[in-house]
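A.B. asks: What follows is a structure written as structure tokens; I'll ask about it next.
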Amino acid sequence: MCNEVIQPNDNIRLIAQDIVMKSNTKDKDALHLASAVYGGCKYFITCDDKFIKTVEKNEDNLKETIKNIKLYNPIDFLRKEMDIDVIE
């Protein structure tokens with residue numbers, strides 16, 4: 001389902017550094033999110049609820065950096081964006 005492969009580059013590293021600085025997220029998490037931002041993704045799907053909460057908590061600080069990307073866990077993505085009733 002991948003439309004494009006995002007290769008590591010300095011721009012992604014700079015975005016990641018900004019994410020860490022503005023939200024105190026872990027470096028690896030910030031790099032993954034920065035790659036999605038750089039690639040112009042609409043969604044960032046992760047099972048790491050703590051990471052999602054950290055980003056949401058710092059949403060005002062990150063707005064300019066992460067733009068309009070929405071972070072979801074897989075179940076919430078299916079429920080909210082795909083309008084699929086998921087049984088846990």
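Letters A, B, ... go to the chains of the structure tokens in the order shown; residues in each chain start at 1; ligands are counted from 1 in the same order.
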Using only C-alpha atoms, determine which residues lie at most 9 Å from Ile19 of chain A, disregarding the query and same-chain residues fewer than 6 positions distant; provide the list as a CSV table (one decimal) with N, CA and C atoms, in the first residue's frame.

C.D. replies:
```csv
chain,number,residue,atom,x,y,z
A,25,THR,N,9.5,14.3,22.8
A,25,THR,CA,9.3,12.9,22.4
A,25,THR,C,10.7,12.2,22.3
A,27,ASP,N,13.7,10.3,20.4
A,27,ASP,CA,14.3,10.6,19.1
A,27,ASP,C,13.7,9.7,18.0
A,30,ALA,N,10.2,10.6,17.0
A,30,ALA,CA,10.3,11.9,16.3
A,30,ALA,C,10.7,11.7,14.8
A,31,LEU,N,11.7,10.8,14.6
A,31,LEU,CA,12.2,10.5,13.2
A,31,LEU,C,11.1,9.9,12.4
A,33,LEU,N,7.8,10.2,12.8
A,33,LEU,CA,6.8,11.2,12.5
A,33,LEU,C,7.3,12.2,11.5
A,34,ALA,N,8.6,12.6,11.7
A,34,ALA,CA,9.2,13.6,10.7
A,34,ALA,C,9.2,13.0,9.3
A,55,VAL,N,2.2,13.8,21.7
A,55,VAL,CA,2.0,14.8,20.6
A,55,VAL,C,0.7,15.6,20.8
A,61,ASN,N,2.3,23.6,20.3
A,61,ASN,CA,3.7,23.8,20.0
A,61,ASN,C,4.1,23.2,18.7
A,62,LEU,N,3.4,22.1,18.3
A,62,LEU,CA,3.8,21.3,17.1
A,62,LEU,C,3.1,21.7,15.9
A,65,THR,N,5.0,22.6,12.9
A,65,THR,CA,6.0,21.5,12.5
A,65,THR,C,5.3,20.3,11.8
A,66,ILE,N,4.2,19.8,12.4
A,66,ILE,CA,3.6,18.6,11.9
A,66,ILE,C,2.4,18.9,11.0
```

A.B. asks: Within 10 Å of Asp48 of chain A, counting only C-alpha atoms, which residues qualify if same-chain residues fewer than 6 places away don't, as a count of residues only?

C.D. replies: 3

A.B. asks: Can you pull out the residues contacting Asn3 of chain A? Cut-off 12 Å, using only C-alpha atoms, and skip same-chain residues under 6 positions away; I want them as a PDB file with C-alpha atoms, in the first residue's frame.

C.D. replies:
```
ATOM      1  CA  GLY A  39       6.354  12.761   2.872  1.00  0.00           C
ATOM      2  CA  GLY A  40       3.143  14.780   3.110  1.00  0.00           C
ATOM      3  CA  CYS A  41       1.153  12.036   4.838  1.00  0.00           C
TER       4      CYS A  41
END
```

A.B. asks: List every residue of segment 28-70 of chain A that has an atom at most 12 Å from any atom of segment 81-85 of chain A, giving for each one its closest atom pair and the distance in Å to one decimal, counting only C-alpha atoms, sorted by chain and then by ascending residue number, as a tab-separated table.

C.D. replies:
```
residue	atom	partner	partner_atom	distance
A:Lys42	CA	A:Glu81	CA	10.9
A:Tyr43	CA	A:Glu81	CA	9.7
A:Ile45	CA	A:Glu81	CA	11.6
A:Lys70	CA	A:Glu81	CA	10.1
```

A.B. asks: Which of chain A end up as alpha helix (DSSP H) when DSSP is run on this backbone - answer as number ranges by chain?

C.D. replies: A: 10-23, 27-38, 49-57, 59-66, 74-80

A.B. asks: Hey, can you check how far atom CA of Val5 of chain A sits from atom CA of Lys80 of chain A?

C.D. replies: 26.0 Å

A.B. asks: Would you list, as a ChimeraX atom specification, the residues of chain A that end up in strand (DSSP E) under DSSP run on this structure's backbone?

C.D. replies: /A:43-45,70-72

A.B. asks: Can you tell me, as a list in words, what residues are no more than 10 Å from Ile6 of chain A when counting only C-alpha atoms, ignoring any on the same chain fewer than 3 positions away?

C.D. replies: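 Within the cut-off, the hits are Asn3, Asn9, Ile12, Ser35, Ala36, Tyr38 and Gly39 of chain A.
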
A.B. asks: Just to confirm, what's the straight-line distance from atom CA of Thr46 of chain A to atom CA of Asp18 of chain A in Å (one decimal)?

C.D. replies: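 Atom CA of Thr46 of chain A sits 19.9 Å away from atom CA of Asp18 of chain A.
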
A.B. asks: Tell me, in Å to one decimal, how far atom CA of Thr54 of chain A is from atom CA of Gln7 of chain A.

C.D. replies: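 Interatomic distance here is 25.5 Å.
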